[in-house]
Every structure is written in structure tokens, then in C-alpha cells.
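**Q** The file below is run23.txt, compact mmCIF, C-alpha atoms and all ligand atoms:
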```txt
# COMPACT_ATOMS: atom_id res chain seq x y z
CA MET A 51 0.00 0.00 0.00
CA LYS A 52 1.46 3.25 -1.16
CA VAL A 53 0.75 6.83 -0.10
CA GLY A 54 2.02 9.78 -2.15
CA ILE A 55 2.98 13.09 -0.51
CA ILE A 56 2.07 16.03 -2.75
CA GLY A 57 1.76 19.81 -2.51
CA LEU A 58 3.24 23.08 -3.77
CA PRO A 59 7.01 23.64 -3.45
CA ASN A 60 8.34 24.75 -0.02
CA VAL A 61 5.38 23.57 2.01
CA GLY A 62 7.29 20.91 3.97
CA LYS A 63 6.77 17.70 1.98
CA SER A 64 10.39 16.60 2.19
CA THR A 65 10.59 17.64 5.84
CA LEU A 66 7.62 15.40 6.59
CA PHE A 67 9.15 12.59 4.55
CA THR A 68 12.46 12.99 6.40
CA ALA A 69 10.63 12.85 9.72
CA LEU A 70 9.25 9.49 8.61
CA THR A 71 12.69 8.25 7.59
CA LYS A 72 14.22 9.26 10.91
CA LYS A 73 11.52 7.76 13.04
CA GLN A 74 12.93 5.26 15.46
CA VAL A 75 10.73 2.23 15.68
CA ASP A 76 10.80 0.21 18.87
CA ALA A 77 11.18 -3.54 18.60
CA SER A 78 10.47 -3.53 14.92
CA ASN A 79 11.74 -5.61 12.07
CA TYR A 80 10.77 -2.87 9.72
CA PRO A 81 12.46 0.31 10.71
CA PHE A 82 12.15 2.78 7.93
CA CYS A 83 13.72 1.34 4.84
CA THR A 84 14.50 3.59 1.96
CA ILE A 85 13.77 1.83 -1.28
CA ASP A 86 14.76 4.80 -3.38
CA PRO A 87 15.62 8.33 -2.19
CA ASN A 88 11.96 9.27 -2.52
CA ILE A 89 10.28 6.04 -1.44
CA GLY A 90 10.33 4.52 2.00
CA CYS A 91 8.26 2.21 4.13
CA VAL A 92 7.32 2.94 7.70
CA SER A 93 5.69 0.74 10.32
CA VAL A 94 2.23 1.65 11.55
CA PRO A 95 2.20 2.31 15.32
CA ASP A 96 -0.38 0.02 16.91
CA GLN A 97 -0.83 -0.28 20.68
CA ARG A 98 -2.49 -3.66 20.23
CA LEU A 99 0.71 -5.20 18.95
CA GLN A 100 2.48 -4.25 22.19
CA GLN A 101 -0.38 -5.68 24.26
CA LEU A 102 -0.25 -9.00 22.41
CA THR A 103 3.49 -9.31 22.90
CA LYS A 104 2.99 -8.89 26.65
CA ILE A 105 0.93 -12.06 26.57
CA ASP A 106 2.82 -14.19 24.08
CA HIS A 107 6.41 -12.99 24.57
CA PRO A 108 7.32 -13.78 20.96
CA ASP A 109 10.88 -13.98 19.60
CA LYS A 110 9.89 -11.63 16.82
CA ILE A 111 7.44 -8.75 16.37
CA VAL A 112 6.30 -7.66 12.92
CA PRO A 113 4.16 -4.55 12.50
CA THR A 114 2.27 -3.58 9.35
CA ILE A 115 3.89 -1.12 7.00
CA ILE A 116 2.90 1.62 4.59
CA GLU A 117 5.04 2.96 1.78
CA PHE A 118 5.38 6.72 1.45
CA VAL A 119 6.52 8.49 -1.69
CA ASP A 120 7.90 12.04 -1.66
CA ILE A 121 6.56 13.20 -4.99
CA ALA A 122 8.38 16.10 -6.68
CA GLY A 123 6.69 19.48 -6.10
CA LEU A 124 3.78 20.48 -8.20
CA VAL A 125 3.41 23.86 -9.87
CA LYS A 126 0.72 25.54 -11.94
CA GLY A 127 0.67 23.93 -15.37
CA ALA A 128 1.90 20.52 -14.14
CA HIS A 129 -0.83 18.78 -16.10
CA LYS A 130 0.81 20.14 -19.27
CA GLY A 131 4.21 18.91 -18.15
CA GLU A 132 5.42 22.17 -16.53
CA GLY A 133 8.19 21.74 -13.97
CA LEU A 134 8.49 18.04 -13.31
CA GLY A 135 4.86 17.73 -14.34
CA ASN A 136 5.00 14.50 -16.28
CA LYS A 137 7.12 12.68 -13.74
CA PHE A 138 4.81 14.01 -11.05
CA LEU A 139 1.72 12.68 -12.71
CA SER A 140 3.11 9.24 -13.43
CA ASN A 141 4.31 8.90 -9.82
CA ILE A 142 1.01 9.91 -8.35
CA LYS A 143 -0.95 7.57 -10.57
CA GLU A 144 0.57 4.58 -8.82
CA VAL A 145 -0.39 5.50 -5.27
CA ASP A 146 -3.42 4.21 -3.36
CA ALA A 147 -3.96 7.44 -1.43
CA ILE A 148 -2.72 11.01 -1.42
CA VAL A 149 -1.34 13.11 1.40
CA HIS A 150 -1.64 16.76 0.44
CA VAL A 151 0.71 18.97 2.48
CA VAL A 152 -0.48 22.55 2.84
CA ARG A 153 1.56 25.36 4.32
CA GLU A 154 0.26 27.25 7.31
CA PHE A 155 3.62 28.05 8.92
CA GLU A 156 5.05 31.55 8.46
CA ASN A 157 8.68 32.15 7.67
CA LYS A 158 9.84 35.13 5.64
CA ASN A 159 13.05 33.36 4.66
CA ILE A 160 11.23 30.47 3.02
CA THR A 161 9.52 31.64 -0.12
CA HIS A 162 5.95 30.70 -0.77
CA VAL A 163 5.55 30.18 -4.52
CA HIS A 164 2.57 32.50 -4.63
CA GLY A 165 3.87 35.02 -2.13
CA LYS A 166 1.27 34.56 0.61
CA ILE A 167 0.16 31.97 3.15
CA ASP A 168 -3.30 30.86 2.09
CA PRO A 169 -4.05 27.16 2.67
CA GLN A 170 -7.46 27.26 0.99
CA ASP A 171 -6.05 28.87 -2.12
CA ASP A 172 -3.09 26.44 -2.25
CA ILE A 173 -5.43 23.47 -2.10
CA GLU A 174 -7.46 24.82 -4.98
CA ILE A 175 -4.36 25.38 -7.13
CA VAL A 176 -3.08 21.85 -6.60
CA GLU A 177 -6.46 20.23 -7.01
CA LEU A 178 -7.07 22.13 -10.21
CA GLU A 179 -3.93 20.52 -11.68
CA LEU A 180 -5.20 17.09 -10.67
CA ILE A 181 -8.59 17.87 -12.17
CA LEU A 182 -7.08 19.04 -15.45
CA ALA A 183 -4.88 15.95 -15.67
CA ASP A 184 -7.94 13.73 -15.15
CA LEU A 185 -9.97 15.72 -17.67
CA GLU A 186 -7.40 15.06 -20.34
CA ILE A 187 -7.67 11.32 -19.80
CA ILE A 188 -11.44 11.37 -19.43
CA SER A 189 -12.22 13.25 -22.61
CA LYS A 190 -10.19 10.76 -24.68
CA GLN A 191 -11.69 7.76 -22.92
CA CYS A 192 -15.18 9.18 -23.07
CA LYS A 193 -15.08 9.52 -26.85
CA GLN A 194 -13.70 6.00 -27.18
CA ALA A 195 -16.38 4.52 -24.93
CA GLN A 196 -19.15 6.40 -26.75
CA LYS A 197 -17.88 5.01 -30.05
CA ASN A 198 -17.61 1.48 -28.67
CA SER A 199 -21.05 1.58 -27.10
CA LYS A 200 -22.70 1.97 -30.52
CA SER A 201 -22.37 -1.79 -30.93
CA GLY A 202 -24.71 -2.18 -27.94
CA ASP A 203 -21.97 -3.49 -25.64
CA LYS A 204 -23.47 -3.09 -22.16
CA GLU A 205 -20.14 -2.56 -20.41
CA GLN A 206 -19.12 0.17 -22.82
CA ILE A 207 -22.50 1.86 -22.46
CA LEU A 208 -22.08 1.88 -18.68
CA ARG A 209 -18.51 3.14 -18.95
CA ALA A 210 -19.51 5.96 -21.28
CA SER A 211 -22.27 7.11 -18.95
CA VAL A 212 -19.96 7.06 -15.92
CA LEU A 213 -17.29 8.98 -17.79
CA GLU A 214 -19.83 11.60 -18.84
CA LYS A 215 -20.92 12.09 -15.23
CA ILE A 216 -17.33 12.47 -14.05
CA GLU A 217 -16.47 14.81 -16.90
CA GLN A 218 -19.32 17.09 -15.89
CA ALA A 219 -18.14 17.15 -12.27
CA LEU A 220 -14.53 17.88 -13.23
CA GLU A 221 -15.66 20.70 -15.48
CA LYS A 222 -17.30 22.26 -12.41
CA ASN A 223 -13.97 21.91 -10.56
CA GLN A 224 -15.25 19.03 -8.46
CA LEU A 225 -13.14 15.96 -7.73
CA ALA A 226 -14.13 12.66 -9.38
CA LYS A 227 -14.65 11.05 -5.97
CA THR A 228 -17.49 13.46 -5.21
CA VAL A 229 -19.61 11.82 -7.91
CA ASP A 230 -22.07 9.37 -6.41
CA LEU A 231 -21.53 6.00 -8.12
CA THR A 232 -22.62 2.43 -7.50
CA GLN A 233 -19.96 -0.22 -6.96
CA LYS A 234 -20.56 -1.51 -10.47
CA GLU A 235 -20.12 1.96 -11.93
CA LYS A 236 -16.94 2.47 -9.93
CA ASN A 237 -15.52 -0.80 -11.23
CA SER A 238 -16.21 0.20 -14.83
CA ILE A 239 -13.56 2.95 -14.68
CA LYS A 240 -11.15 1.47 -12.14
CA ASP A 241 -8.48 0.90 -14.79
CA LEU A 242 -8.11 4.66 -15.34
CA GLN A 243 -6.69 5.25 -11.81
CA LEU A 244 -8.05 8.78 -11.84
CA LEU A 245 -6.07 11.11 -9.59
CA THR A 246 -9.09 12.88 -8.16
CA ASN A 247 -10.71 9.56 -7.35
CA LYS A 248 -8.10 8.69 -4.75
CA PRO A 249 -8.64 9.28 -1.03
CA ILE A 250 -6.92 12.46 0.17
CA LEU A 251 -5.60 13.38 3.61
CA TYR A 252 -4.72 17.04 4.13
CA VAL A 253 -1.71 17.78 6.32
CA LEU A 254 -1.66 21.35 7.56
CA ASN A 255 1.96 22.21 8.27
CA ILE A 256 1.64 24.56 11.25
CA ASN A 257 3.92 26.81 13.31
CA GLU A 258 5.46 25.41 16.47
CA ASP A 259 3.39 27.74 18.65
CA GLN A 260 0.16 26.31 17.21
CA ILE A 261 0.83 22.80 18.50
CA GLY A 262 -1.90 21.56 20.83
CA LYS A 263 -4.15 24.54 20.01
CA LYS A 264 -7.42 24.38 18.17
CA ILE A 265 -6.74 24.54 14.44
CA ASN A 266 -9.16 25.39 11.66
CA CYS A 267 -8.56 23.01 8.79
CA PRO A 268 -9.38 24.21 5.30
CA LYS A 269 -10.63 20.79 4.21
CA ASN A 270 -11.20 17.37 5.79
CA PRO A 271 -9.89 14.85 6.72
CA CYS A 272 -6.97 16.85 8.05
CA VAL A 273 -4.04 16.34 10.44
CA PRO A 274 -2.27 19.48 11.68
CA ILE A 275 1.40 18.81 12.13
CA CYS A 276 4.58 20.82 12.60
CA ALA A 277 6.82 18.93 10.21
CA LYS A 278 10.02 20.63 11.30
CA LEU A 279 9.48 19.82 14.96
CA GLU A 280 8.37 16.27 14.14
CA SER A 281 11.56 15.63 12.23
CA GLU A 282 13.49 16.68 15.36
CA LEU A 283 11.29 14.60 17.69
CA ALA A 284 11.70 11.56 15.47
CA GLN A 285 15.38 11.41 16.36
CA LEU A 286 14.97 11.60 20.13
CA PRO A 287 14.96 8.58 22.44
CA SER A 288 11.40 7.54 23.37
CA GLN A 289 11.85 8.68 27.02
CA GLU A 290 12.45 12.25 25.86
CA VAL A 291 9.53 12.11 23.44
CA GLN A 292 7.30 11.03 26.35
CA GLU A 293 8.48 13.99 28.43
CA TYR A 294 7.77 16.34 25.58
CA LEU A 295 4.25 14.93 25.10
CA GLN A 296 3.50 15.31 28.82
CA GLU A 297 4.72 18.87 28.86
CA TYR A 298 2.33 19.83 26.08
CA ASN A 299 -0.42 17.54 27.35
CA LEU A 300 -0.48 15.54 24.10
CA LYS A 301 -1.47 11.88 23.72
CA GLU A 302 0.90 11.09 20.89
CA THR A 303 3.19 12.73 18.38
CA GLY A 304 1.76 14.38 15.30
CA LEU A 305 3.78 11.97 13.20
CA ASN A 306 2.17 8.89 14.77
CA LYS A 307 -1.26 10.43 14.37
CA PHE A 308 -0.39 11.15 10.76
CA ILE A 309 0.73 7.58 10.01
CA GLN A 310 -2.35 6.10 11.68
CA THR A 311 -4.70 8.43 9.83
CA SER A 312 -3.02 7.60 6.51
CA TYR A 313 -3.58 3.93 7.26
CA GLN A 314 -7.27 4.50 8.00
CA LEU A 315 -7.58 6.46 4.79
CA LEU A 316 -6.58 3.39 2.80
CA ASP A 317 -9.64 1.57 4.11
CA LEU A 318 -7.55 -1.17 5.62
CA ILE A 319 -7.87 -3.22 8.75
CA THR A 320 -5.35 -5.22 10.75
CA PHE A 321 -5.55 -8.80 11.88
CA PHE A 322 -2.96 -10.58 14.00
CA THR A 323 -1.26 -13.92 14.22
CA SER A 324 0.42 -14.45 17.54
CA GLY A 325 2.38 -17.13 19.38
CA PRO A 326 5.75 -17.77 21.01
CA LYS A 327 7.64 -17.49 17.73
CA GLU A 328 6.10 -14.37 16.33
CA THR A 329 3.43 -11.71 16.83
CA HIS A 330 2.57 -10.36 13.43
CA ALA A 331 0.19 -7.59 12.34
CA TRP A 332 -1.21 -8.11 8.84
CA THR A 333 -3.01 -5.68 6.58
CA ILE A 334 -6.11 -6.44 4.54
CA LYS A 335 -8.85 -4.46 2.85
CA LYS A 336 -11.90 -3.87 5.00
CA GLY A 337 -14.48 -6.55 4.09
CA ALA A 338 -11.94 -9.25 3.16
CA ASN A 339 -12.82 -12.82 4.17
CA ALA A 340 -10.86 -15.42 6.11
CA GLN A 341 -9.48 -17.13 3.02
CA GLN A 342 -8.21 -13.84 1.59
CA ALA A 343 -6.62 -13.10 4.96
CA ALA A 344 -4.87 -16.48 4.84
CA GLY A 345 -3.64 -15.60 1.35
CA LYS A 346 -1.91 -12.52 2.78
CA ILE A 347 0.36 -14.83 4.73
CA HIS A 348 1.10 -17.25 1.90
CA SER A 349 -0.51 -18.19 -1.39
CA ASP A 350 -0.49 -21.85 -0.22
CA PHE A 351 -2.54 -20.77 2.78
CA TYR A 352 -5.15 -19.47 0.37
CA LYS A 353 -5.17 -22.63 -1.76
CA ASN A 354 -5.19 -25.12 1.10
CA PHE A 355 -7.38 -23.21 3.52
CA ILE A 356 -9.38 -25.50 5.81
CA ARG A 357 -10.67 -23.18 8.53
CA ALA A 358 -9.82 -20.18 10.65
CA GLU A 359 -9.82 -20.17 14.43
CA ILE A 360 -10.65 -16.62 15.43
CA ILE A 361 -10.51 -14.83 18.76
CA SER A 362 -11.46 -11.17 18.85
CA TYR A 363 -8.72 -8.84 20.09
CA GLN A 364 -10.74 -7.90 23.19
CA ASP A 365 -11.37 -11.54 24.12
CA TYR A 366 -7.72 -12.46 23.54
CA ILE A 367 -6.53 -9.74 25.91
CA LYS A 368 -9.31 -10.37 28.47
CA SER A 369 -8.46 -14.09 28.55
CA ASN A 370 -4.73 -13.50 28.66
CA GLY A 371 -4.15 -15.47 25.49
CA GLU A 372 -5.39 -18.29 23.34
CA LEU A 373 -5.61 -21.08 25.90
CA LYS A 374 -8.01 -19.38 28.31
CA ALA A 375 -10.02 -17.88 25.48
CA LYS A 376 -10.54 -21.40 24.10
CA GLU A 377 -11.59 -22.71 27.52
CA LYS A 378 -14.12 -19.92 27.86
CA GLY A 379 -15.56 -20.78 24.47
CA LEU A 380 -14.45 -17.46 22.97
CA MET A 381 -12.71 -19.00 19.99
CA ARG A 382 -14.85 -19.21 16.86
CA ILE A 383 -14.25 -21.82 14.15
CA GLU A 384 -14.95 -20.15 10.82
CA GLY A 385 -14.95 -21.07 7.14
CA LYS A 386 -13.63 -19.27 4.06
CA GLU A 387 -16.41 -16.73 3.77
CA CYS A 388 -16.24 -15.31 7.28
CA ILE A 389 -15.51 -11.56 7.14
CA VAL A 390 -12.44 -10.67 9.18
CA GLN A 391 -12.89 -7.90 11.78
CA ASP A 392 -10.27 -5.34 12.74
CA GLY A 393 -8.10 -6.77 15.53
CA ASP A 394 -9.05 -10.45 15.10
CA VAL A 395 -6.36 -12.84 16.28
CA ILE A 396 -6.40 -15.77 13.87
CA TYR A 397 -4.94 -19.24 13.65
CA PHE A 398 -5.32 -20.79 10.20
CA ARG A 399 -5.75 -24.53 9.71
CA ILE A 400 -4.16 -25.45 6.40
CA GLY A 401 -4.26 -28.74 4.47
CA ASN A 402 -1.58 -30.19 2.21
N1 LIG A 501 9.24 27.05 10.42
C1 LIG A 501 8.99 25.92 9.76
N2 LIG A 501 9.71 25.64 8.67
C2 LIG A 501 9.45 24.50 8.01
C3 LIG A 501 8.44 23.60 8.44
N3 LIG A 501 8.40 22.56 7.59
C4 LIG A 501 9.34 22.81 6.65
N4 LIG A 501 9.99 23.97 6.90
C5 LIG A 501 11.09 24.55 6.12
O1 LIG A 501 10.61 24.91 4.84
C6 LIG A 501 11.60 24.69 3.85
C7 LIG A 501 11.03 23.86 2.72
O2 LIG A 501 10.72 22.58 3.23
P1 LIG A 501 10.72 21.26 2.33
O3 LIG A 501 10.31 20.15 3.22
O4 LIG A 501 11.98 21.13 1.59
O5 LIG A 501 9.54 21.63 1.32
P2 LIG A 501 9.04 20.85 0.00
O6 LIG A 501 9.48 21.68 -1.15
O7 LIG A 501 7.55 20.87 0.13
O8 LIG A 501 9.60 19.48 -0.01
C8 LIG A 501 12.78 24.04 4.55
O9 LIG A 501 13.74 25.03 4.81
C9 LIG A 501 12.17 23.55 5.87
O10 LIG A 501 13.13 23.52 6.90
C10 LIG A 501 7.71 23.92 9.63
O11 LIG A 501 6.83 23.17 10.08
N5 LIG A 501 8.02 25.10 10.24
MG MG A 502 10.80 18.52 -1.50
```
Mind turning the file's structure into C-alpha cells?
Ligand SMILES: Nc1nc2c(ncn2[C@@H]2O[C@H](COP(=O)(O)OP(=O)(O)O)[C@@H](O)[C@H]2O)c(=O)[nH]1
Ligand SMILES: [Mg+2]

**A**
Amino acid sequence: MKVGIIGLPNVGKSTLFTALTKKQVDASNYPFCTIDPNIGCVSVPDQRLQQLTKIDHPDKIVPTIIEFVDIAGLVKGAHKGEGLGNKFLSNIKEVDAIVHVVREFENKNITHVHGKIDPQDDIEIVELELILADLEIISKQCKQAQKNSKSGDKEQILRASVLEKIEQALEKNQLAKTVDLTQKEKNSIKDLQLLTNKPILYVLNINEDQIGKKINCPKNPCVPICAKLESELAQLPSQEVQEYLQEYNLKETGLNKFIQTSYQLLDLITFFTSGPKETHAWTIKKGANAQQAAGKIHSDFYKNFIRAEIISYQDYIKSNGELKAKEKGLMRIEGKECIVQDGDVIYFRIGN
């Protein structure tokens, strides 16, 4: 799962990305790994993982991860290839969700490309580029689908009508995702990977003195964060981070909040496998069934799935582990089709 960080130049995208790369991850097999200077994966902080390890004392702990991409800055005209426009658009096409960094912080020494701090205006400029890029694709595809639908092909007729609806919205400067579509309609244009159809999280990059105060966000969902401070915090030992949080009366760092919110944005849930060897957090799409969950672990697990033994996270913790939960009758035996719930602790029975 990949999240792309976008925004105007000098808003703090790279600072946020660096904060992620510097983050020290406790007891993790996936500290930040840089795949490429602009791509890195980061583990998702999850309290539940720590709680499970207190029960099972595993040799190894494996959290879930998200990949972040620091996408080159976007300027007016990017959709026509201005600046690094083309590279920008091809990078962003591949991501599952977008983090849009918007500048709120003031600093006379750091130029704002349009000369003034105006988060609302910045969002509109960037989103207009995304809209124009989508429009270019849509108008071509729309003509093609209209032509193809003359043969009476039902799929092409559906596709043409969906593309027309989206084209109208884009022309009114609305994002494709604001168009109300049925699942079937959504599927008919999935291949286009429209930019304005992706989930967006807004990150408002604030001044240090705004931390912990009430912030007005220009658009939701939004996480206010002071990227510069977070990149400094990310390098401190956890004891010092705790002291800082207490001083400001904060529950967690902005960076953790940011990672968790990005994860939620992807419409994912976590299930666990846990025992003396390993406690492992796995990621699946919300609504996935037990067999698909097994397939996350290994393709053989998918093929040879027999059943899943599931204990809800709450029951697992309450019973202090699998054994007691079983005794209390809190373990459910489920087949392939059972929908996995966030936090389920699962043991898969697999055939040969
Ligand atoms: N005061 C302040 N400066 C910041 C903050 N975030 C980034 N900067 C500075 O703004 C400049 C541009 O940041 P950068 O992350 O390179 O922006 P990008 O072009 O969006 O990648 C750098 O000098 C940063 O140190 C912040 O939260 N507060
Ligand atoms: Mg940058």
C-alpha cells in the first residue's frame, strides 16, 4: 500500500518525509527502509501489537507497514508537463492514497511560490492541476467509450455514462470522488486510476506555537502537524519524546497520528497472528474474508485453507491469550467466507 505526498514547493513535503525516515521504531523488524531516495516504508504504530506481545512474549514482532513516496513538487501547469509535471503525474498515478501537504507556517526566509500563506487557495491550485490531468484522460476515454457503445456493448454503455458524469463534475472543478456512483459503476472505470478519485488526507503544516491549540482546517480529513518539529522529535529517544508529550499535554506525536490516519484512509484493517515465535500484524482491505486473509500470509494458505480459528482482540486480551479464550468458548471456528474484523487474532488450519 502506497501513499504519495504532494503539494506546492516549499510547504514541507520533504521535511515530513524525512521525519518518517528518521523515526525510530521500537522492537520492529521494519524500521524505515529507503527503497529509493523518494520512497520509504514505515511501520504503523499500533498499541495492540504491544499488548499482544505482553501475553505471548514472541521472539519476533512484525508490524504492518505503509510505503510513502515524496513526490516532486507540483506547480501551476503541471498537467501540461510544466516543472516536473509528467514525472509528477506518473508517480502519483501509482499510489493508493494522497497526502496533500499545505503550508500554514510563516517564515519570511522560506519563499511561498505564490507570495502569501493561504491554505485554501493552495489546495485549490493543486487540485485544479489534478482535475485538469484527469480531464485530459477522461475526454479521450469518453469519446472512445461512446464510439464502442454503438455496438450495444453493455459494459461500454455503462462506462460511457460514468465517464460523462465524471467529466461534468470535473468541469465544475469538483473531484471525481465526489460523484455518487454504484460499486458496479466504480468498477467500470477502475483501470483509469483517476487522480481525483483517490482518497486524500490534508496535512496542515503549522507553526510550532500552534501545536496543541485548536486549528481550523481548510478541508477534511486533516491532520495538523509541525513537520520541522516532528523531524526533530523523530530522532529523540522515546523517554524524551514522552516527556515532551506530557509537557504539552499531548497523547501522541503528530507523526504517529499522521501515520495512523493515513492507514485509515486506505480503508484497511489489521488482523494478528500471535504465538511464542512471532506476533505479526497483517493488513487487509476492510471486508476481506478469512481465506483472503490467509492468502496474505502465503498463497499456499489461500489454496489449502481449511478453517480459521478466530478470537477477537478484546477476548484475547481479556483471557490472557489463546488457551483461556478457548476454555471460555471465545474462539470461533470459521470457514472461508467469514468476514475478518479489525483486531481479530487468527490461527489458520491449512491442508496439504
Ligand atoms: N518554520 C517551519 N519551517 C518549516 C516547516 N516545515 C518545513 N519547513 C522549512 O521549509 C523549507 C522547505 O521545506 P521542504 O520540506 O523542503 O519543502 P518541499 O518543497 O515541500 O519538499 C525548509 O527550509 C524547511 O526547513 C515547519 O513546520 N516550520
Ligand atoms: Mg521537497

**Q** Would you be able to write out as a PyMOL selection string which residues have an atom within 7 Å of (-2.7, 27.5, 8.7) in the file's coordinates, counting all atoms listed in the file?

**A** chain A and resi 153-155+169+254+256

**Q** Using all atoms of region 355-358 of chain A listed in the file and a margin of 4 Å per side, can you give the axis-aligned box centre and edge lengths in Å to one decimal, as AutoDock Vina command-line options?

**A**
```
--center_x -9.0 --center_y -22.8 --center_z 7.1 --size_x 11.3 --size_y 13.3 --size_z 15.1
```

**Q** Counting only C-alpha atoms, note down every residue that has an atom within 10 Å of the point (-12.8, -24.9, 4.0) (file coordinates), as a list of chain:residue names.

**A**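 Looking at atoms near the point gives A:Ala340, A:Gln341, A:Lys353, A:Asn354, A:Phe355, A:Ile356, A:Arg357, A:Ala358, A:Glu384, A:Gly385, A:Lys386, A:Glu387, A:Arg399, A:Ile400, A:Gly401.
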
**Q** Go ahead and save the picked residues with C-alpha atoms, as a compact mmCIF listing (two decimals), keeping the file's coordinate frame.

**A**
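Okay, selection-v3.txt is ready:
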```
# COMPACT_ATOMS: atom_id res chain seq x y z
CA ALA A 340 -10.86 -15.42 6.11
CA GLN A 341 -9.48 -17.13 3.02
CA LYS A 353 -5.17 -22.63 -1.76
CA ASN A 354 -5.19 -25.12 1.10
CA PHE A 355 -7.38 -23.21 3.52
CA ILE A 356 -9.38 -25.50 5.81
CA ARG A 357 -10.67 -23.18 8.53
CA ALA A 358 -9.82 -20.18 10.65
CA GLU A 384 -14.95 -20.15 10.82
CA GLY A 385 -14.95 -21.07 7.14
CA LYS A 386 -13.63 -19.27 4.06
CA GLU A 387 -16.41 -16.73 3.77
CA ARG A 399 -5.75 -24.53 9.71
CA ILE A 400 -4.16 -25.45 6.40
CA GLY A 401 -4.26 -28.74 4.47
```

**Q** Would you please work out which residue, of A:Leu318, A:Cys276, A:Ile105, A:Cys91, is nearest to Leu373 (chain A) when using all atoms listed in the file?

**A**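 Closest to Leu373 (chain A) of all the choices is A:Ile105.
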
**Q** As a PyMOL selection string, please: every protein or nucleic acid residue near ligand MG 502 (chain A) (cut-off 7 Å, counting all atoms listed in the file).

**A** chain A and resi 59-60+62-64+122-123

**Q** What does the distance from CA of Val119 (chain A) to CA of Gly54 (chain A) come to in Å, to one decimal?

**A**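 Between CA of Val119 (chain A) and CA of Gly54 (chain A) the gap works out to 4.7 Å.
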
**Q** Starting from the sparse input, extend region 243-262 of chain A to N, CA and C atoms and give the output as a tab-separated table (two decimals), in the frame of the given file.

**A**
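Output contents, as saved in part_2.tsv:
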```
chain	number	residue	atom	x	y	z
A	243	GLN	N	-7.44	4.75	-12.98
A	243	GLN	CA	-6.69	5.25	-11.81
A	243	GLN	C	-6.74	6.77	-11.71
A	244	LEU	N	-7.92	7.32	-11.85
A	244	LEU	CA	-8.05	8.78	-11.84
A	244	LEU	C	-7.46	9.39	-10.57
A	245	LEU	N	-6.74	10.48	-10.73
A	245	LEU	CA	-6.07	11.11	-9.59
A	245	LEU	C	-7.07	11.65	-8.58
A	246	THR	N	-8.15	12.25	-9.09
A	246	THR	CA	-9.09	12.88	-8.16
A	246	THR	C	-10.11	11.88	-7.62
A	247	ASN	N	-9.87	10.61	-7.90
A	247	ASN	CA	-10.71	9.56	-7.35
A	247	ASN	C	-10.06	8.91	-6.13
A	248	LYS	N	-8.83	9.30	-5.86
A	248	LYS	CA	-8.10	8.69	-4.75
A	248	LYS	C	-8.46	9.38	-3.44
A	249	PRO	N	-8.41	8.63	-2.33
A	249	PRO	CA	-8.64	9.28	-1.03
A	249	PRO	C	-7.54	10.30	-0.74
A	250	ILE	N	-7.90	11.41	-0.14
A	250	ILE	CA	-6.92	12.46	0.17
A	250	ILE	C	-6.94	12.79	1.66
A	251	LEU	N	-5.75	12.87	2.25
A	251	LEU	CA	-5.60	13.38	3.61
A	251	LEU	C	-4.85	14.70	3.52
A	252	TYR	N	-5.40	15.75	4.14
A	252	TYR	CA	-4.72	17.04	4.13
A	252	TYR	C	-3.85	17.15	5.38
A	253	VAL	N	-2.60	17.53	5.18
A	253	VAL	CA	-1.71	17.78	6.32
A	253	VAL	C	-1.44	19.27	6.35
A	254	LEU	N	-1.89	19.91	7.42
A	254	LEU	CA	-1.66	21.35	7.56
A	254	LEU	C	-0.37	21.53	8.33
A	255	ASN	N	0.65	22.04	7.64
A	255	ASN	CA	1.96	22.21	8.27
A	255	ASN	C	2.00	23.52	9.06
A	256	ILE	N	1.87	23.39	10.39
A	256	ILE	CA	1.64	24.56	11.25
A	256	ILE	C	2.92	25.08	11.90
A	257	ASN	N	2.83	26.25	12.51
A	257	ASN	CA	3.92	26.81	13.31
A	257	ASN	C	4.06	26.03	14.62
A	258	GLU	N	5.25	26.10	15.19
A	258	GLU	CA	5.46	25.41	16.47
A	258	GLU	C	4.50	25.90	17.55
A	259	ASP	N	4.23	27.20	17.56
A	259	ASP	CA	3.39	27.74	18.65
A	259	ASP	C	1.90	27.40	18.47
A	260	GLN	N	1.57	26.72	17.39
A	260	GLN	CA	0.16	26.31	17.21
A	260	GLN	C	-0.10	24.89	17.70
A	261	ILE	N	0.97	24.20	18.08
A	261	ILE	CA	0.83	22.80	18.50
A	261	ILE	C	-0.07	22.70	19.73
A	262	GLY	N	-1.01	21.78	19.68
A	262	GLY	CA	-1.90	21.56	20.83
A	262	GLY	C	-3.06	22.54	20.88
```
